[in-house]
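Each remark here refers to the structure printed beneath this line.
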Amino acid sequence: MTDINSLTPMATFCGKCDCGCPQLFVDESAPVERRVVITDDFGQRVEMSADQFGSLIEDAKAGKLDAVAAV
């Protein structure tokens, strides 16, 4: 597993506190299918391809994830 300090940060979700907010990174040294990395505030991470991340973005833009944000 790559050290988080070697990843390129793209976005921080929340960022209004000091609780270790979830973050989005790109790992240029990872295989293509694991290049997008999302970390959470519990030290876990999800690795996915840019295509998979793009699908997530498309679903979010289409409103398919709105119910999750309303929880």
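So you can find residues: chains in the structure tokens are A, B, ... in the order shown, residues in each start at 1, and ligands are numbered from 1 in order.
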Test item, strand (DSSP E or B) assignment across chain A, answer as number ranges by chain: A: 8-12, 23-26, 36-39, 45-48
Could you find all residues in segment 16-63 of chain A that DSSP calls helix (DSSP H, G or I) from the backbone, and write them as a list in words?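 Result set for segment 16-63 of chain A (helix (DSSP H, G or I)): Val32, Glu33, Arg34, Ala50, Asp51, Gln52, Phe53, Gly54, Ser55, Leu56, Ile57, Glu58, Asp59, Ala60 and Lys61 of chain A.
If you look at atom CA of Val32 of chain A and atom CA of Ser49 of chain A, they are 5.9 Å away from each other.
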Quick one: residues within 9 Å of Ala11 of chain A, only C-alpha atoms counted, chain neighbours fewer than 6 positions away excluded, as a VMD selection string? chain A and resid 22 to 25
Produce a file of the selected residues containing N, CA, C and O atoms, as a PDB file, in the first residue's frame.
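That gives us result.pdb:
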ATOM      1  N   PRO A  22     -12.551  12.821   4.848  1.00  0.00           N
ATOM      2  CA  PRO A  22     -12.303  12.014   3.650  1.00  0.00           C
ATOM      3  C   PRO A  22     -11.636  12.857   2.565  1.00  0.00           C
ATOM      4  O   PRO A  22     -11.903  14.056   2.440  1.00  0.00           O
ATOM      5  N   GLN A  23     -10.761  12.207   1.797  1.00  0.00           N
ATOM      6  CA  GLN A  23     -10.041  12.915   0.747  1.00  0.00           C
ATOM      7  C   GLN A  23      -9.986  12.073  -0.522  1.00  0.00           C
ATOM      8  O   GLN A  23     -10.052  10.851  -0.478  1.00  0.00           O
ATOM      9  N   LEU A  24      -9.831  12.769  -1.646  1.00  0.00           N
ATOM     10  CA  LEU A  24      -9.676  12.153  -2.954  1.00  0.00           C
ATOM     11  C   LEU A  24      -8.255  12.415  -3.434  1.00  0.00           C
ATOM     12  O   LEU A  24      -7.779  13.557  -3.385  1.00  0.00           O
ATOM     13  N   PHE A  25      -7.577  11.347  -3.882  1.00  0.00           N
ATOM     14  CA  PHE A  25      -6.205  11.440  -4.364  1.00  0.00           C
ATOM     15  C   PHE A  25      -6.070  10.740  -5.704  1.00  0.00           C
ATOM     16  O   PHE A  25      -6.896   9.899  -6.059  1.00  0.00           O
TER      17      PHE A  25
END
Please indicate the distance in Å from atom CA of Cys21 of chain A to atom CA of Ser55 of chain A, rounded to one decimal place.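 So the two atoms, atom CA of Cys21 of chain A and atom CA of Ser55 of chain A, lie 22.8 Å apart.
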Quick one: pull the distance between atom CA of Val46 of chain A and atom CA of Asp3 of chain A, Å, one decimal. 13.7 Å
